[in-house]
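Notes follow the structure.
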Amino acid sequence: MSISNDHVVAIHYTLRDDAGEILDQSEPSDPLYYLHGHENIVPGLENALTGAKVGDKKQVVVPAKDGYGEREDELVLNVPRDQLPPDIEPEVGMELDMESDEGFAMPVRIVEVSDTIVVLDANHELAGETLHFDVEVVSIRAASAEELEHGHVHGPGGHHHH
Ligand code: ZN
């Protein structure tokens, strides 16, 4: 069996940045399960895994546009401090959920705090980064009808929120 759309795939992975620093990795006993072809993982990695088999090891370099996107300056916002909810004591690195103009929840990070202004960044933390993955394919199986309907994996390593 090789990886194609609508397969549940388990991978071990290590993600590094351009400098070789580890940004994220799977635990040895806890591979990442995802549904192939359903945008569960970044497109550059998903495309590179198409056709791979259990036991295959790959090094995949994913440019930002095929990863978490380019950084967008418009997504960095200066907000007067008194517009934040009064119960929040802003600190650099804190994550907040803002509501976008369209009413969607939009996660933002505080990147700067002054006496009058808080700078919020709604870019993904890894936006603009070239992603360097070391990946090993651990298992491949066909997805269930229910998994395909939901667009994600159930069972071990999957979602349990229903
Ligand atoms: Zn589900």
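Every chain in the structure tokens takes a letter, A first, then B, and so on in the order presented; its residues are numbered from 1, and the ligands are numbered from 1 following the presented order.
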
Filtered DSSP result for stretch 1-128 of chain A, state helix (DSSP H, G or I), as a PyMOL selection string: chain A and resi 43-49+64-66+73-75+81-83

The selected residues should be written to file as a PDB file, in the first residue's frame (atoms: N, CA, C and O atoms).
ATOM      1  N   PRO A  43       0.526  21.646   2.924  1.00  0.00           N
ATOM      2  CA  PRO A  43       0.452  21.065   1.584  1.00  0.00           C
ATOM      3  C   PRO A  43       1.793  20.548   1.068  1.00  0.00           C
ATOM      4  O   PRO A  43       1.836  19.504   0.398  1.00  0.00           O
ATOM      5  N   GLY A  44       2.877  21.245   1.347  1.00  0.00           N
ATOM      6  CA  GLY A  44       4.178  20.827   0.831  1.00  0.00           C
ATOM      7  C   GLY A  44       4.587  19.460   1.352  1.00  0.00           C
ATOM      8  O   GLY A  44       5.180  18.651   0.621  1.00  0.00           O
ATOM      9  N   LEU A  45       4.264  19.183   2.617  1.00  0.00           N
ATOM     10  CA  LEU A  45       4.607  17.878   3.192  1.00  0.00           C
ATOM     11  C   LEU A  45       3.662  16.811   2.667  1.00  0.00           C
ATOM     12  O   LEU A  45       4.079  15.699   2.310  1.00  0.00           O
ATOM     13  N   GLU A  46       2.383  17.147   2.606  1.00  0.00           N
ATOM     14  CA  GLU A  46       1.392  16.182   2.105  1.00  0.00           C
ATOM     15  C   GLU A  46       1.753  15.735   0.682  1.00  0.00           C
ATOM     16  O   GLU A  46       1.781  14.531   0.383  1.00  0.00           O
ATOM     17  N   ASN A  47       2.054  16.692  -0.185  1.00  0.00           N
ATOM     18  CA  ASN A  47       2.404  16.347  -1.575  1.00  0.00           C
ATOM     19  C   ASN A  47       3.632  15.447  -1.631  1.00  0.00           C
ATOM     20  O   ASN A  47       3.677  14.495  -2.418  1.00  0.00           O
ATOM     21  N   ALA A  48       4.619  15.744  -0.787  1.00  0.00           N
ATOM     22  CA  ALA A  48       5.865  14.969  -0.825  1.00  0.00           C
ATOM     23  C   ALA A  48       5.654  13.531  -0.353  1.00  0.00           C
ATOM     24  O   ALA A  48       6.427  12.642  -0.693  1.00  0.00           O
ATOM     25  N   LEU A  49       4.623  13.300   0.452  1.00  0.00           N
ATOM     26  CA  LEU A  49       4.386  11.963   0.985  1.00  0.00           C
ATOM     27  C   LEU A  49       3.541  11.088   0.063  1.00  0.00           C
ATOM     28  O   LEU A  49       3.484   9.872   0.241  1.00  0.00           O
ATOM     29  N   ALA A  64       7.879  28.438   2.542  1.00  0.00           N
ATOM     30  CA  ALA A  64       6.793  29.025   3.340  1.00  0.00           C
ATOM     31  C   ALA A  64       5.457  28.994   2.618  1.00  0.00           C
ATOM     32  O   ALA A  64       4.419  28.711   3.223  1.00  0.00           O
ATOM     33  N   LYS A  65       5.470  29.249   1.293  1.00  0.00           N
ATOM     34  CA  LYS A  65       4.193  29.319   0.579  1.00  0.00           C
ATOM     35  C   LYS A  65       3.472  27.975   0.573  1.00  0.00           C
ATOM     36  O   LYS A  65       2.250  27.932   0.437  1.00  0.00           O
ATOM     37  N   ASP A  66       4.219  26.859   0.695  1.00  0.00           N
ATOM     38  CA  ASP A  66       3.598  25.534   0.779  1.00  0.00           C
ATOM     39  C   ASP A  66       3.555  25.023   2.220  1.00  0.00           C
ATOM     40  O   ASP A  66       3.236  23.862   2.472  1.00  0.00           O
ATOM     41  N   ASP A  73       2.336  41.695   6.618  1.00  0.00           N
ATOM     42  CA  ASP A  73       2.437  42.845   7.519  1.00  0.00           C
ATOM     43  C   ASP A  73       1.074  43.342   7.994  1.00  0.00           C
ATOM     44  O   ASP A  73       0.946  43.872   9.085  1.00  0.00           O
ATOM     45  N   GLU A  74       0.051  43.137   7.126  1.00  0.00           N
ATOM     46  CA  GLU A  74      -1.289  43.616   7.512  1.00  0.00           C
ATOM     47  C   GLU A  74      -1.838  42.863   8.718  1.00  0.00           C
ATOM     48  O   GLU A  74      -2.814  43.291   9.330  1.00  0.00           O
ATOM     49  N   LEU A  75      -1.238  41.707   9.011  1.00  0.00           N
ATOM     50  CA  LEU A  75      -1.733  40.915  10.138  1.00  0.00           C
ATOM     51  C   LEU A  75      -1.065  41.291  11.457  1.00  0.00           C
ATOM     52  O   LEU A  75      -1.288  40.665  12.473  1.00  0.00           O
ATOM     53  N   ARG A  81      -3.959  50.017  24.291  1.00  0.00           N
ATOM     54  CA  ARG A  81      -4.010  49.087  25.412  1.00  0.00           C
ATOM     55  C   ARG A  81      -5.390  49.056  26.060  1.00  0.00           C
ATOM     56  O   ARG A  81      -5.842  48.000  26.507  1.00  0.00           O
ATOM     57  N   ASP A  82      -6.061  50.198  26.084  1.00  0.00           N
ATOM     58  CA  ASP A  82      -7.360  50.223  26.770  1.00  0.00           C
ATOM     59  C   ASP A  82      -8.476  49.572  25.951  1.00  0.00           C
ATOM     60  O   ASP A  82      -9.612  49.481  26.397  1.00  0.00           O
ATOM     61  N   GLN A  83      -8.133  49.077  24.732  1.00  0.00           N
ATOM     62  CA  GLN A  83      -9.139  48.321  23.974  1.00  0.00           C
ATOM     63  C   GLN A  83      -9.097  46.823  24.268  1.00  0.00           C
ATOM     64  O   GLN A  83      -9.942  46.074  23.795  1.00  0.00           O
TER      65      GLN A  83
END

Sorted by chain and rising residue number, list the residues of chain A at most 12 Å from ligand 1 (counting only C-alpha atoms and all ligand atoms), each with its closest atom pair and distance in Å to one decimal, as a Markdown table.
| residue | atom | partner | partner_atom_place_in_ligand_line | distance |
| --- | --- | --- | --- | --- |
| A:Tyr34 | CA | ligand 1 | 1 (Zn) | 11.9 |
| A:Leu35 | CA | ligand 1 | 1 (Zn) | 11.2 |
| A:Ala143 | CA | ligand 1 | 1 (Zn) | 11.6 |
| A:Ser144 | CA | ligand 1 | 1 (Zn) | 10.5 |
| A:Ala145 | CA | ligand 1 | 1 (Zn) | 10.5 |
| A:Glu146 | CA | ligand 1 | 1 (Zn) | 7.1 |
| A:Glu147 | CA | ligand 1 | 1 (Zn) | 6.0 |
| A:Leu148 | CA | ligand 1 | 1 (Zn) | 8.7 |
| A:Glu149 | CA | ligand 1 | 1 (Zn) | 7.8 |
| A:His150 | CA | ligand 1 | 1 (Zn) | 4.8 |
| A:Gly151 | CA | ligand 1 | 1 (Zn) | 7.1 |
| A:His152 | CA | ligand 1 | 1 (Zn) | 5.9 |
| A:Val153 | CA | ligand 1 | 1 (Zn) | 6.7 |
| A:His154 | CA | ligand 1 | 1 (Zn) | 6.0 |
| A:Gly155 | CA | ligand 1 | 1 (Zn) | 9.5 |
| A:Gly158 | CA | ligand 1 | 1 (Zn) | 8.3 |
| A:His159 | CA | ligand 1 | 1 (Zn) | 6.2 |
| A:His160 | CA | ligand 1 | 1 (Zn) | 7.0 |
| A:His161 | CA | ligand 1 | 1 (Zn) | 6.9 |
| A:His162 | CA | ligand 1 | 1 (Zn) | 6.2 |

Let me see the file: selected residues, N, CA and C atoms, as a JSON list (two decimals), in the first residue's frame.
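And here's result17.json as it stands now:
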[["chain", "number", "residue", "atom", "x", "y", "z"],
["A", 34, "TYR", "N", -2.76, 11.41, 10.31],
["A", 34, "TYR", "CA", -3.50, 12.41, 9.55],
["A", 34, "TYR", "C", -4.20, 11.74, 8.39],
["A", 35, "LEU", "N", -5.18, 12.44, 7.83],
["A", 35, "LEU", "CA", -5.95, 11.93, 6.70],
["A", 35, "LEU", "C", -5.39, 12.56, 5.43],
["A", 143, "ALA", "N", -9.19, 4.98, 5.09],
["A", 143, "ALA", "CA", -10.03, 5.70, 6.05],
["A", 143, "ALA", "C", -11.42, 5.09, 6.06],
["A", 144, "SER", "N", -12.11, 5.22, 7.21],
["A", 144, "SER", "CA", -13.51, 4.80, 7.29],
["A", 144, "SER", "C", -14.40, 5.85, 6.62],
["A", 145, "ALA", "N", -15.62, 5.47, 6.31],
["A", 145, "ALA", "CA", -16.57, 6.41, 5.72],
["A", 145, "ALA", "C", -16.77, 7.61, 6.63],
["A", 146, "GLU", "N", -16.85, 7.33, 7.95],
["A", 146, "GLU", "CA", -17.07, 8.42, 8.90],
["A", 146, "GLU", "C", -15.89, 9.38, 8.93],
["A", 147, "GLU", "N", -14.68, 8.83, 8.88],
["A", 147, "GLU", "CA", -13.49, 9.69, 8.87],
["A", 147, "GLU", "C", -13.47, 10.59, 7.63],
["A", 148, "LEU", "N", -13.86, 10.01, 6.48],
["A", 148, "LEU", "CA", -13.88, 10.80, 5.25],
["A", 148, "LEU", "C", -14.92, 11.91, 5.34],
["A", 149, "GLU", "N", -16.05, 11.58, 5.95],
["A", 149, "GLU", "CA", -17.11, 12.58, 6.09],
["A", 149, "GLU", "C", -16.64, 13.74, 6.97],
["A", 150, "HIS", "N", -15.91, 13.39, 8.05],
["A", 150, "HIS", "CA", -15.44, 14.42, 8.99],
["A", 150, "HIS", "C", -14.18, 15.12, 8.51],
["A", 151, "GLY", "N", -13.42, 14.46, 7.64],
["A", 151, "GLY", "CA", -12.18, 15.06, 7.16],
["A", 151, "GLY", "C", -11.03, 14.95, 8.14],
["A", 152, "HIS", "N", -11.13, 14.03, 9.12],
["A", 152, "HIS", "CA", -10.02, 13.81, 10.05],
["A", 152, "HIS", "C", -10.04, 12.38, 10.58],
["A", 153, "VAL", "N", -8.98, 12.03, 11.30],
["A", 153, "VAL", "CA", -8.78, 10.66, 11.76],
["A", 153, "VAL", "C", -9.48, 10.44, 13.09],
["A", 154, "HIS", "N", -10.12, 9.27, 13.22],
["A", 154, "HIS", "CA", -10.67, 8.84, 14.50],
["A", 154, "HIS", "C", -9.78, 7.74, 15.09],
["A", 155, "GLY", "N", -10.01, 7.40, 16.36],
["A", 155, "GLY", "CA", -9.23, 6.31, 16.97],
["A", 155, "GLY", "C", -7.87, 6.80, 17.41],
["A", 158, "GLY", "N", -6.15, 10.19, 16.72],
["A", 158, "GLY", "CA", -7.09, 11.06, 16.01],
["A", 158, "GLY", "C", -7.84, 11.98, 16.95],
["A", 159, "HIS", "N", -8.85, 12.60, 16.39],
["A", 159, "HIS", "CA", -9.69, 13.51, 17.18],
["A", 159, "HIS", "C", -10.70, 12.71, 17.99],
["A", 160, "HIS", "N", -11.05, 13.21, 19.15],
["A", 160, "HIS", "CA", -12.06, 12.54, 19.95],
["A", 160, "HIS", "C", -13.18, 13.50, 20.30],
["A", 161, "HIS", "N", -13.21, 14.62, 19.63],
["A", 161, "HIS", "CA", -14.19, 15.66, 19.95],
["A", 161, "HIS", "C", -15.39, 15.51, 19.01],
["A", 162, "HIS", "N", -16.51, 14.99, 19.52],
["A", 162, "HIS", "CA", -17.68, 14.91, 18.66],
["A", 162, "HIS", "C", -18.88, 15.45, 19.37]]

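With only C-alpha atoms as the atoms that count, the minimum distance from A:Leu15 to the choices A:His132, A:Pro31, A:Leu96, A:Arg141 is reached by A:His132.
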
Gap from atom CA of A:Gly93 to atom CA of A:Glu112 - Å, one decimal: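 Answer for the atom CA of A:Gly93 to atom CA of A:Glu112 separation: 8.5 Å.
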
Residue neighbourhood A:Asp17, 7 Å, only C-alpha atoms, exclusion window fewer than 2 positions, as a PyMOL selection string: chain A and resi 15+19-23+129-132

The selected residues should be written to file as a JSON list (two decimals), in the first residue's frame (atoms: C-alpha atoms).
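For reference, selection_33.json as written:
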[["chain", "number", "residue", "atom", "x", "y", "z"],
["A", 15, "LEU", "CA", 10.58, 19.72, 12.04],
["A", 19, "ALA", "CA", 19.19, 27.10, 11.38],
["A", 20, "GLY", "CA", 18.62, 23.45, 12.23],
["A", 21, "GLU", "CA", 16.76, 24.22, 15.47],
["A", 22, "ILE", "CA", 14.04, 21.68, 16.27],
["A", 23, "LEU", "CA", 10.65, 23.41, 16.19],
["A", 129, "GLU", "CA", 9.63, 29.93, 7.64],
["A", 130, "THR", "CA", 11.12, 27.31, 5.35],
["A", 131, "LEU", "CA", 10.22, 24.01, 7.00],
["A", 132, "HIS", "CA", 12.71, 21.14, 7.09]]

Residues within 12 Å of A:Asp115, only C-alpha atoms, excluding chain neighbours under 3 positions, as a ChimeraX atom specification: /A:79-82,89-91,112,118-119

I need the chosen residues saved as a compact mmCIF listing (two decimals), in the first residue's frame, with all heavy atoms.
# COMPACT_ATOMS: atom_id res chain seq x y z
N VAL A 79 -2.80 48.00 18.75
CA VAL A 79 -4.08 48.18 19.42
C VAL A 79 -3.85 49.02 20.68
O VAL A 79 -2.96 48.71 21.47
CB VAL A 79 -4.68 46.81 19.80
CG1 VAL A 79 -5.97 46.98 20.58
CG2 VAL A 79 -4.91 45.97 18.56
N PRO A 80 -4.65 50.09 20.85
CA PRO A 80 -4.54 50.84 22.11
C PRO A 80 -4.79 49.90 23.30
O PRO A 80 -5.71 49.08 23.26
CB PRO A 80 -5.65 51.89 22.00
CG PRO A 80 -5.94 52.00 20.55
CD PRO A 80 -5.66 50.65 19.96
N ARG A 81 -3.96 50.02 24.29
CA ARG A 81 -4.01 49.09 25.41
C ARG A 81 -5.39 49.06 26.06
O ARG A 81 -5.84 48.00 26.51
CB ARG A 81 -2.95 49.51 26.43
CG ARG A 81 -2.58 48.42 27.37
CD ARG A 81 -1.33 48.78 28.15
NE ARG A 81 -1.26 47.90 29.31
CZ ARG A 81 -0.14 47.51 29.88
NH1 ARG A 81 1.01 47.95 29.42
NH2 ARG A 81 -0.15 46.73 30.92
N ASP A 82 -6.06 50.20 26.08
CA ASP A 82 -7.36 50.22 26.77
C ASP A 82 -8.48 49.57 25.95
O ASP A 82 -9.61 49.48 26.40
CB ASP A 82 -7.74 51.65 27.18
CG ASP A 82 -7.81 52.59 25.98
OD1 ASP A 82 -7.89 52.10 24.83
OD2 ASP A 82 -7.78 53.82 26.20
N GLU A 89 -3.89 41.14 31.50
CA GLU A 89 -2.64 41.85 31.73
C GLU A 89 -1.68 41.44 30.62
O GLU A 89 -1.10 40.36 30.67
CB GLU A 89 -2.09 41.49 33.11
CG GLU A 89 -0.84 42.25 33.53
CD GLU A 89 -1.03 43.76 33.52
OE1 GLU A 89 -2.14 44.22 33.93
OE2 GLU A 89 -0.12 44.47 33.07
N PRO A 90 -1.54 42.28 29.58
CA PRO A 90 -0.80 41.83 28.39
C PRO A 90 0.67 41.59 28.66
O PRO A 90 1.32 42.37 29.36
CB PRO A 90 -1.00 42.98 27.40
CG PRO A 90 -1.37 44.15 28.21
CD PRO A 90 -2.05 43.65 29.44
N GLU A 91 1.18 40.50 28.10
CA GLU A 91 2.60 40.16 28.20
C GLU A 91 3.05 39.65 26.84
O GLU A 91 2.29 38.97 26.15
CB GLU A 91 2.82 39.01 29.18
CG GLU A 91 2.93 39.40 30.64
CD GLU A 91 3.05 38.16 31.51
OE1 GLU A 91 3.89 37.30 31.17
OE2 GLU A 91 2.29 38.05 32.47
N GLU A 112 4.55 42.86 21.37
CA GLU A 112 5.14 44.04 21.98
C GLU A 112 4.12 44.69 22.89
O GLU A 112 2.93 44.72 22.57
CB GLU A 112 5.53 45.03 20.86
CG GLU A 112 6.75 45.87 21.15
CD GLU A 112 7.02 46.83 19.99
OE1 GLU A 112 7.17 46.35 18.85
OE2 GLU A 112 7.05 48.04 20.24
N VAL A 118 -0.51 47.88 22.47
CA VAL A 118 -0.13 46.47 22.42
C VAL A 118 -0.06 46.07 20.95
O VAL A 118 -0.96 46.39 20.17
CB VAL A 118 -1.18 45.59 23.16
CG1 VAL A 118 -0.84 44.12 23.01
CG2 VAL A 118 -1.24 45.98 24.63
N VAL A 119 1.04 45.41 20.54
CA VAL A 119 1.18 44.97 19.16
C VAL A 119 0.80 43.50 19.09
O VAL A 119 1.37 42.66 19.79
CB VAL A 119 2.62 45.19 18.64
CG1 VAL A 119 2.71 44.78 17.17
CG2 VAL A 119 3.03 46.65 18.82

Contact residues around A:Ala52 with only C-alpha atoms at 8 Å, ignoring same-chain residues under 3 positions, as number ranges by chain: A: 2-3, 49, 56, 137

Go ahead and save the picked residues with N, CA and C atoms, as a short mmCIF file (atom, residue, chain, number, x, y, z; two decimals), in the first residue's frame.
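File produced: result_32.cif:
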data_model
loop_
_atom_site.label_atom_id
_atom_site.label_comp_id
_atom_site.auth_asym_id
_atom_site.auth_seq_id
_atom_site.Cartn_x
_atom_site.Cartn_y
_atom_site.Cartn_z
N SER A 2 0.61 2.15 -0.88
CA SER A 2 1.35 3.42 -0.85
C SER A 2 0.36 4.56 -0.63
N ILE A 3 0.89 5.66 -0.13
CA ILE A 3 0.03 6.75 0.34
C ILE A 3 -0.67 7.43 -0.83
N LEU A 49 4.62 13.30 0.45
CA LEU A 49 4.39 11.96 0.99
C LEU A 49 3.54 11.09 0.06
N ASP A 56 9.35 4.02 4.66
CA ASP A 56 10.07 5.04 3.89
C ASP A 56 10.48 6.19 4.80
N VAL A 137 7.46 7.03 7.53
CA VAL A 137 6.08 6.54 7.44
C VAL A 137 5.94 5.31 8.34
#

Compile the contact shell of A:Ile11 as a compact mmCIF listing (two decimals) with all heavy atoms, in the first residue's frame: residues with an atom at most 7 Å away, counting only C-alpha atoms, same-chain residues fewer than 4 positions apart removed.
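Resulting contents of out.txt:
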# COMPACT_ATOMS: atom_id res chain seq x y z
N PRO A 31 3.12 8.64 17.17
CA PRO A 31 3.25 9.25 15.83
C PRO A 31 2.06 10.17 15.52
O PRO A 31 1.03 10.11 16.19
CB PRO A 31 3.26 8.05 14.89
CG PRO A 31 2.60 6.95 15.63
CD PRO A 31 2.88 7.19 17.09
N LEU A 32 2.23 10.99 14.52
CA LEU A 32 1.15 11.87 14.06
C LEU A 32 0.28 11.12 13.05
O LEU A 32 0.80 10.60 12.06
CB LEU A 32 1.75 13.10 13.39
CG LEU A 32 0.75 14.01 12.65
CD1 LEU A 32 -0.13 14.76 13.64
CD2 LEU A 32 1.48 14.98 11.73
N TYR A 33 -1.00 11.03 13.33
CA TYR A 33 -1.96 10.44 12.39
C TYR A 33 -2.65 11.56 11.63
O TYR A 33 -3.09 12.53 12.23
CB TYR A 33 -3.03 9.63 13.13
CG TYR A 33 -2.54 8.32 13.70
CD1 TYR A 33 -1.83 8.30 14.89
CD2 TYR A 33 -2.79 7.13 13.04
CE1 TYR A 33 -1.37 7.10 15.41
CE2 TYR A 33 -2.34 5.92 13.55
CZ TYR A 33 -1.63 5.91 14.74
OH TYR A 33 -1.17 4.73 15.25
N VAL A 135 10.96 12.74 7.98
CA VAL A 135 9.72 11.99 8.15
C VAL A 135 9.97 10.51 7.95
O VAL A 135 10.75 10.12 7.07
CB VAL A 135 8.65 12.46 7.13
CG1 VAL A 135 7.32 11.77 7.39
CG2 VAL A 135 8.47 13.96 7.19
N GLU A 136 9.30 9.69 8.77
CA GLU A 136 9.28 8.24 8.54
C GLU A 136 7.83 7.79 8.55
O GLU A 136 7.06 8.12 9.46
CB GLU A 136 10.06 7.51 9.65
CG GLU A 136 10.05 6.00 9.43
CD GLU A 136 10.83 5.25 10.51
OE1 GLU A 136 11.41 5.91 11.41
OE2 GLU A 136 10.83 4.02 10.46
N VAL A 137 7.46 7.03 7.53
CA VAL A 137 6.08 6.54 7.44
C VAL A 137 5.94 5.31 8.34
O VAL A 137 6.68 4.33 8.18
CB VAL A 137 5.70 6.20 5.99
CG1 VAL A 137 4.25 5.70 5.93
CG2 VAL A 137 5.90 7.42 5.09
N VAL A 138 5.00 5.37 9.29
CA VAL A 138 4.83 4.29 10.27
C VAL A 138 3.71 3.34 9.88
O VAL A 138 3.83 2.13 10.03
CB VAL A 138 4.53 4.90 11.67
CG1 VAL A 138 4.31 3.79 12.69
CG2 VAL A 138 5.65 5.83 12.11

Which residue of A:Asp6, A:Glu102, A:Glu70, A:Asp87 approaches A:Leu126 most closely, using only C-alpha atoms: A:Glu70

Strand (DSSP E) call set, DSSP backbone run, stretch 48-153 of chain A, as a short mmCIF file (atom, residue, chain, number, x, y, z; two decimals) with C-alpha atoms, in the first residue's frame:
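Dumped everything to out-v2.cif:
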data_model
loop_
_atom_site.label_atom_id
_atom_site.label_comp_id
_atom_site.auth_asym_id
_atom_site.auth_seq_id
_atom_site.Cartn_x
_atom_site.Cartn_y
_atom_site.Cartn_z
CA LYS A 57 12.16 7.86 5.29
CA LYS A 58 12.16 11.24 3.63
CA GLN A 59 13.75 14.62 4.04
CA VAL A 60 11.34 17.26 2.81
CA VAL A 61 12.07 20.97 2.49
CA VAL A 62 8.86 22.99 2.35
CA VAL A 76 0.37 42.85 12.64
CA LEU A 77 -1.92 45.23 14.51
CA ASN A 78 -1.27 48.11 16.90
CA VAL A 79 -4.08 48.18 19.42
CA PRO A 80 -4.54 50.84 22.11
CA GLU A 95 -1.90 34.24 22.95
CA LEU A 96 -5.39 35.67 22.64
CA ASP A 97 -8.45 34.91 20.55
CA MET A 98 -9.70 37.98 18.74
CA GLU A 99 -12.77 38.21 16.61
CA ALA A 105 -12.12 33.52 15.95
CA MET A 106 -8.61 34.66 15.09
CA PRO A 107 -5.70 33.57 17.29
CA VAL A 108 -3.16 36.33 17.84
CA ARG A 109 0.12 36.62 19.74
CA ILE A 110 1.25 39.65 21.69
CA VAL A 111 4.63 40.67 20.29
CA GLU A 112 5.14 44.04 21.98
CA VAL A 113 3.67 45.88 24.95
CA ILE A 117 -0.07 50.24 22.75
CA VAL A 118 -0.13 46.47 22.42
CA VAL A 119 1.18 44.97 19.16
CA LEU A 120 -0.70 41.85 18.08
CA ASP A 121 0.50 39.43 15.40
CA LEU A 131 10.22 24.01 7.00
CA HIS A 132 12.71 21.14 7.09
CA PHE A 133 11.02 17.83 7.83
CA ASP A 134 12.57 14.44 8.55
CA VAL A 135 9.72 11.99 8.15
CA GLU A 136 9.28 8.24 8.54
CA VAL A 137 6.08 6.54 7.44
CA VAL A 138 4.83 4.29 10.27
CA SER A 139 1.50 2.99 9.00
CA ILE A 140 -1.04 3.40 6.22
CA ARG A 141 -4.66 2.26 6.16
CA ALA A 142 -7.85 3.10 4.32
#

Å distance separating atom CA of A:Asn123 from atom CA of A:Arg71, one decimal place: 6.2 Å
